[in-house]
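As provided, entry06.json (JSON, C-alpha atoms and all ligand atoms) reads as follows.
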[["chain", "number", "residue", "atom", "x", "y", "z"],
["A", 600, "MET", "CA", 43.90, 40.13, -14.43],
["A", 601, "TYR", "CA", 43.87, 36.49, -15.48],
["A", 602, "GLN", "CA", 43.69, 35.93, -19.21],
["A", 603, "PHE", "CA", 41.98, 32.76, -20.40],
["A", 604, "MET", "CA", 44.40, 31.13, -22.80],
["A", 605, "LYS", "CA", 43.61, 29.47, -26.06],
["A", 606, "GLY", "CA", 43.84, 25.73, -25.56],
["A", 607, "SER", "CA", 43.33, 26.09, -21.84],
["A", 608, "ALA", "CA", 41.36, 23.58, -19.83],
["A", 609, "HIS", "CA", 38.28, 25.75, -20.27],
["A", 610, "GLN", "CA", 38.21, 24.85, -23.93],
["A", 611, "LEU", "CA", 38.64, 21.16, -23.19],
["A", 612, "ALA", "CA", 35.41, 21.02, -21.20],
["A", 613, "ALA", "CA", 32.77, 18.56, -22.42],
["A", 614, "PRO", "CA", 30.28, 20.17, -24.80],
["A", 615, "GLU", "CA", 27.26, 21.82, -23.30],
["A", 616, "ILE", "CA", 23.81, 20.37, -23.73],
["A", 617, "ALA", "CA", 20.35, 21.92, -23.87],
["A", 618, "VAL", "CA", 17.37, 19.73, -24.65],
["A", 619, "ALA", "CA", 13.64, 19.76, -24.01],
["A", 620, "ALA", "CA", 13.52, 17.83, -20.77],
["A", 621, "ILE", "CA", 10.18, 16.24, -21.64],
["A", 622, "PRO", "CA", 10.76, 14.91, -25.14],
["A", 623, "GLU", "CA", 8.26, 15.07, -27.99],
["A", 624, "ASP", "CA", 9.36, 11.61, -29.12],
["A", 625, "GLU", "CA", 7.89, 9.03, -26.75],
["A", 626, "ARG", "CA", 10.67, 6.61, -27.70],
["A", 627, "VAL", "CA", 13.20, 8.67, -25.73],
["A", 628, "TRP", "CA", 11.64, 7.36, -22.50],
["A", 629, "VAL", "CA", 13.40, 4.16, -21.46],
["A", 630, "PRO", "CA", 11.21, 1.52, -19.79],
["A", 631, "GLN", "CA", 12.40, 0.71, -16.29],
["A", 632, "ALA", "CA", 9.53, -1.46, -15.04],
["A", 633, "PRO", "CA", 5.83, -1.78, -15.93],
["A", 634, "ASP", "CA", 4.42, 1.79, -16.09],
["A", 635, "VAL", "CA", 7.80, 3.23, -15.04],
["A", 636, "TRP", "CA", 10.24, 5.00, -17.39],
["A", 637, "PHE", "CA", 13.33, 7.17, -17.19],
["A", 638, "ARG", "CA", 14.44, 9.85, -19.59],
["A", 639, "PRO", "CA", 18.24, 10.31, -19.65],
["A", 640, "LEU", "CA", 19.47, 13.89, -19.58],
["A", 641, "MET", "CA", 23.14, 13.58, -18.64],
["A", 642, "LEU", "CA", 25.11, 10.39, -18.08],
["A", 643, "ASN", "CA", 28.40, 11.29, -16.44],
["A", 644, "THR", "CA", 30.90, 8.45, -16.76],
["A", 645, "ARG", "CA", 33.71, 10.56, -15.25],
["A", 646, "HIS", "CA", 32.03, 11.02, -11.89],
["A", 647, "GLY", "CA", 29.70, 8.05, -11.91],
["A", 648, "GLN", "CA", 26.69, 10.36, -11.88],
["A", 649, "TRP", "CA", 23.52, 10.74, -13.87],
["A", 650, "CYS", "CA", 20.60, 13.15, -14.28],
["A", 651, "ASN", "CA", 17.29, 11.86, -15.50],
["A", 652, "LEU", "CA", 13.56, 12.25, -15.31],
["A", 653, "LEU", "CA", 11.62, 9.46, -13.67],
["A", 654, "ARG", "CA", 8.05, 9.01, -14.94],
["A", 655, "VAL", "CA", 5.60, 6.77, -13.11],
["A", 656, "ARG", "CA", 2.03, 6.00, -14.16],
["A", 657, "ARG", "CA", 1.02, 3.66, -11.39],
["A", 658, "SER", "CA", 0.56, 3.91, -7.67],
["A", 659, "GLY", "CA", 2.13, 1.93, -4.85],
["A", 660, "VAL", "CA", 5.67, 1.03, -3.86],
["A", 661, "LEU", "CA", 8.26, 1.53, -6.59],
["A", 662, "SER", "CA", 11.48, 0.60, -4.84],
["A", 663, "ARG", "CA", 13.18, 0.32, -1.49],
["A", 664, "HIS", "CA", 16.76, 1.49, -1.78],
["A", 665, "LEU", "CA", 19.74, 3.35, -0.46],
["A", 666, "HIS", "CA", 22.44, 5.35, -2.16],
["A", 667, "PRO", "CA", 25.89, 5.99, -0.67],
["A", 668, "ASN", "CA", 25.97, 9.51, -2.14],
["A", 669, "PRO", "CA", 23.51, 12.41, -2.02],
["A", 670, "VAL", "CA", 20.56, 12.59, -4.41],
["A", 671, "HIS", "CA", 18.78, 15.78, -5.47],
["A", 672, "GLY", "CA", 15.25, 15.73, -6.84],
["A", 673, "PHE", "CA", 12.79, 18.23, -8.29],
["A", 674, "VAL", "CA", 9.17, 17.27, -8.93],
["A", 675, "LEU", "CA", 7.80, 18.42, -12.28],
["A", 676, "LYS", "CA", 4.43, 16.68, -12.08],
["A", 677, "GLY", "CA", 2.35, 14.67, -9.62],
["A", 678, "LYS", "CA", 3.53, 13.62, -6.19],
["A", 679, "TRP", "CA", 5.25, 10.85, -4.24],
["A", 680, "HIS", "CA", 6.66, 10.16, -0.83],
["A", 681, "TYR", "CA", 8.90, 7.88, 1.17],
["A", 682, "LEU", "CA", 7.19, 5.53, 3.59],
["A", 683, "GLU", "CA", 9.85, 6.46, 6.15],
["A", 684, "HIS", "CA", 8.92, 10.17, 6.18],
["A", 685, "ASP", "CA", 5.74, 12.15, 6.68],
["A", 686, "TRP", "CA", 6.31, 14.72, 3.93],
["A", 687, "ILE", "CA", 4.92, 14.57, 0.40],
["A", 688, "ALA", "CA", 7.02, 15.69, -2.56],
["A", 689, "SER", "CA", 4.61, 17.44, -4.93],
["A", 690, "GLU", "CA", 4.86, 19.55, -8.07],
["A", 691, "GLY", "CA", 7.56, 22.15, -7.52],
["A", 692, "SER", "CA", 9.15, 20.37, -4.53],
["A", 693, "TYR", "CA", 12.91, 20.08, -4.17],
["A", 694, "VAL", "CA", 14.06, 16.93, -2.38],
["A", 695, "PHE", "CA", 17.47, 16.27, -0.84],
["A", 696, "GLU", "CA", 18.24, 12.66, -0.02],
["A", 697, "PRO", "CA", 21.24, 12.28, 2.29],
["A", 698, "PRO", "CA", 23.80, 9.54, 1.72],
["A", 699, "GLY", "CA", 23.13, 6.21, 3.35],
["A", 700, "GLU", "CA", 19.46, 6.61, 4.11],
["A", 701, "ILE", "CA", 17.20, 3.66, 3.31],
["A", 702, "HIS", "CA", 13.80, 4.67, 1.97],
["A", 703, "THR", "CA", 10.82, 3.30, 0.07],
["A", 704, "LEU", "CA", 9.59, 5.36, -2.88],
["A", 705, "THR", "CA", 5.81, 5.27, -3.10],
["A", 706, "VAL", "CA", 3.26, 6.96, -5.36],
["A", 707, "PRO", "CA", -0.16, 7.60, -3.77],
["A", 708, "ASP", "CA", -3.37, 6.21, -5.27],
["A", 709, "ASP", "CA", -4.67, 9.63, -6.30],
["A", 710, "CYS", "CA", -1.68, 10.36, -8.54],
["A", 711, "ALA", "CA", -2.11, 9.22, -12.17],
["A", 712, "GLU", "CA", 1.36, 10.34, -13.25],
["A", 713, "MET", "CA", 4.44, 11.69, -11.56],
["A", 714, "ILE", "CA", 7.54, 13.06, -13.24],
["A", 715, "THR", "CA", 10.60, 13.94, -11.16],
["A", 716, "PHE", "CA", 14.08, 15.11, -12.07],
["A", 717, "PHE", "CA", 16.81, 13.25, -10.16],
["A", 718, "ASN", "CA", 20.52, 14.00, -9.95],
["A", 719, "ILE", "CA", 22.18, 10.84, -8.63],
["A", 720, "THR", "CA", 25.84, 10.16, -7.90],
["A", 721, "GLY", "CA", 27.29, 6.71, -7.33],
["A", 722, "CYS", "CA", 24.63, 4.06, -7.38],
["A", 723, "MET", "CA", 21.19, 2.99, -6.34],
["A", 724, "ILE", "CA", 21.30, -0.10, -4.14],
["A", 725, "TYR", "CA", 17.96, -1.91, -4.15],
["A", 726, "LEU", "CA", 16.84, -3.72, -1.02],
["A", 727, "ASP", "CA", 14.03, -6.07, -0.06],
["A", 728, "GLY", "CA", 11.90, -5.63, 3.03],
["A", 729, "ASP", "CA", 14.63, -7.21, 5.16],
["A", 730, "ASN", "CA", 17.26, -4.80, 3.81],
["A", 731, "LYS", "CA", 18.83, -7.59, 1.77],
["A", 732, "HIS", "CA", 20.60, -6.41, -1.39],
["A", 733, "VAL", "CA", 18.59, -7.41, -4.47],
["A", 734, "GLY", "CA", 20.09, -5.25, -7.22],
["A", 735, "TYR", "CA", 21.84, -2.03, -8.15],
["A", 736, "GLU", "CA", 22.06, 0.64, -10.82],
["A", 737, "ASP", "CA", 24.83, 3.04, -11.78],
["A", 738, "VAL", "CA", 25.55, 5.29, -14.73],
["A", 739, "PHE", "CA", 26.88, 2.31, -16.71],
["A", 740, "THR", "CA", 23.81, 0.11, -16.23],
["A", 741, "LYS", "CA", 21.74, 3.17, -17.20],
["A", 742, "ILE", "CA", 23.72, 3.60, -20.43],
["A", 743, "ASP", "CA", 23.31, -0.12, -21.19],
["A", 744, "MET", "CA", 19.54, 0.12, -20.67],
["A", 745, "CYS", "CA", 19.37, 3.14, -22.96],
["A", 746, "ARG", "CA", 21.38, 1.46, -25.71],
["A", 747, "LYS", "CA", 19.23, -1.66, -25.67],
["A", 748, "HIS", "CA", 16.00, 0.33, -25.70],
["A", 749, "TYR", "CA", 17.10, 2.73, -28.44],
["A", 750, "ILE", "CA", 18.07, -0.22, -30.63],
["A", 751, "ASP", "CA", 14.67, -1.83, -29.98],
["A", 752, "VAL", "CA", 12.72, 1.31, -30.92],
["A", 753, "GLY", "CA", 14.79, 2.15, -34.00],
["A", 754, "LEU", "CA", 16.67, 5.21, -32.71],
["A", 755, "GLY", "CA", 19.93, 3.28, -32.77],
["A", 756, "ALA", "CA", 22.44, 2.32, -30.10],
["A", 757, "ASP", "CA", 24.34, 5.58, -30.45],
["A", 758, "TYR", "CA", 21.30, 7.74, -29.72],
["A", 759, "VAL", "CA", 22.34, 7.70, -26.06],
["A", 760, "ASP", "CA", 25.78, 9.10, -26.86],
["A", 761, "GLN", "CA", 24.49, 12.70, -26.87],
["A", 762, "PHE", "CA", 23.81, 12.38, -23.13],
["A", 763, "VAL", "CA", 27.11, 10.71, -22.18],
["A", 764, "ARG", "CA", 29.88, 12.78, -20.64],
["B", 1, "FE", "FE", 16.43, 7.61, -2.85]]
Output the file's structure in the form of structure tokens.
Ligand SMILES: [Fe+2]
Amino acid sequence: MYQFMKGSAHQLAAPEIAVAAIPEDERVWVPQAPDVWFRPLMLNTRHGQWCNLLRVRRSGVLSRHLHPNPVHGFVLKGKWHYLEHDWIASEGSYVFEPPGEIHTLTVPDDCAEMITFFNITGCMIYLDGDNKHVGYEDVFTKIDMCRKHYIDVGLGADYVDQFVR
């Protein structure tokens, strides 16, 4: 039987993390746009991947985008949909977004707040209505946003480090 050795790769793994996903401290939420925030959970610089909660307190179109890698989502609160599909992601829904698909994230008028967990690899490529590239995000722009925000709210630039792998 295999014996796990002291000093083996298993002991070199990045430290585990367990946090309350919805933080008690409001400052942990990083503003993304008016009435839109994200809460970092795991920022993986090795694989260019990140896990976060997205919180939205307004209705309407949030973004039109594509991502070249798969995205997994789980809705904790509220609901949203993509204009390109006829399903609604609501509380308890799991969403799989295949690589390469272009879609338009929209929150319906009767939803005061939605919170969704997203596991994203690679990047988000933002598009206008003509599918012209207008911006992008990856794990590094996310870390930069966190650092700036945590400085501004007094948590300190290194507050984000606990989420970085
Ligand atoms: Fe997406």
Quiz prompt | At most 7 Å from ligand FE 1 (chain B) (only C-alpha atoms and all ligand atoms): residue list as a ChimeraX atom specification | solution = /A:664-666,670,696,702
>> For a quick check of understanding, using all atoms listed in the file, which of A:Glu712, A:Asp624, A:Asp760, A:Glu700 has the smallest distance to A:Arg654?
In response: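 Among A:Glu712, A:Asp624, A:Asp760, A:Glu700, it is A:Glu712 that comes nearest to A:Arg654.
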Using only C-alpha atoms, pick whichever of A:Cys745, A:Val752, A:Val635, A:Ile719 has the shortest atom-to-atom distance to A:Cys650.
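Smallest separation from A:Cys650 among the options: A:Ile719.
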- Taking only C-alpha atoms into account, which of A:Met641, A:Ile621, A:Leu675, A:Val733 comes nearest A:Val694?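 Counting only C-alpha atoms, the residue closest to A:Val694 is A:Leu675.
Among the candidates A:Val706, A:Asn730, A:Tyr601, A:Ile687, the one nearest to A:Asp634 when counting only C-alpha atoms is A:Val706.
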* Asked: To one decimal place, how far is atom CA of A:Tyr735 from atom CA of A:Ala620 in Å?
  ->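 These two atoms are separated by 25.0 Å.
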In Å to one decimal, how far is atom CA of A:Glu623 from atom CA of A:Arg645?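 Taking atom CA of A:Arg645 and atom CA of A:Glu623, their separation equals 28.8 Å.
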Which neighbours of A:Gly672 fall inside 6 Å, counting only C-alpha atoms, when residues of the same chain fewer than 6 positions from it are skipped, and could you give them as a list in words?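 Listing them by chain and then by number gives Tyr693, Val694, Phe716 and Phe717 of chain A.
Picture a line from atom CA of A:Val655 to atom CA of A:Ala632; it runs 9.3 Å.
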Nearest-residue call for A:Glu736, choices A:Ser689, A:Thr720, A:Thr715, A:Gln761, using only C-alpha atoms:
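Distance minimum relative to A:Glu736 lands on A:Thr720.
In this comparison, which uses all atoms listed in the file, the residue of A:Met723, A:Val759, A:Leu661, A:Val674 approaching A:Pro639 most closely is A:Val759.
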- Find the residues around A:Gly721 up to 12 Å (only C-alpha atoms counted), leave out those fewer than 4 positions away in its own chain, and share them as number ranges by chain. A: 642-650, 665-670, 698-699, 735-741
Resulting file, chosen residues, C-alpha atoms, as a compact mmCIF listing (two decimals), keeping the file's coordinate frame:
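The resulting again_1.txt:
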# COMPACT_ATOMS: atom_id res chain seq x y z
CA LEU A 642 25.11 10.39 -18.08
CA ASN A 643 28.40 11.29 -16.44
CA THR A 644 30.90 8.45 -16.76
CA ARG A 645 33.71 10.56 -15.25
CA HIS A 646 32.03 11.02 -11.89
CA GLY A 647 29.70 8.05 -11.91
CA GLN A 648 26.69 10.36 -11.88
CA TRP A 649 23.52 10.74 -13.87
CA CYS A 650 20.60 13.15 -14.28
CA LEU A 665 19.74 3.35 -0.46
CA HIS A 666 22.44 5.35 -2.16
CA PRO A 667 25.89 5.99 -0.67
CA ASN A 668 25.97 9.51 -2.14
CA PRO A 669 23.51 12.41 -2.02
CA VAL A 670 20.56 12.59 -4.41
CA PRO A 698 23.80 9.54 1.72
CA GLY A 699 23.13 6.21 3.35
CA TYR A 735 21.84 -2.03 -8.15
CA GLU A 736 22.06 0.64 -10.82
CA ASP A 737 24.83 3.04 -11.78
CA VAL A 738 25.55 5.29 -14.73
CA PHE A 739 26.88 2.31 -16.71
CA THR A 740 23.81 0.11 -16.23
CA LYS A 741 21.74 3.17 -17.20
(request) Determine, counting all atoms listed in the file, which protein, DNA and RNA residues have an atom within 12 Å of an atom of A:Asp751; residues of the same chain fewer than 4 positions away are not included. Present the result as an NGL selection string. (result) :A and (626-627 or 629-630 or 744-747 or 755-756 or 758)
(request) Name the residues within 8 Å of (0.8, 11.3, -12.8), counting all atoms listed in the file in the file's coordinates, and put them as an MDAnalysis selection string. (result) chainID A and resid 654:657 676:678 710:714
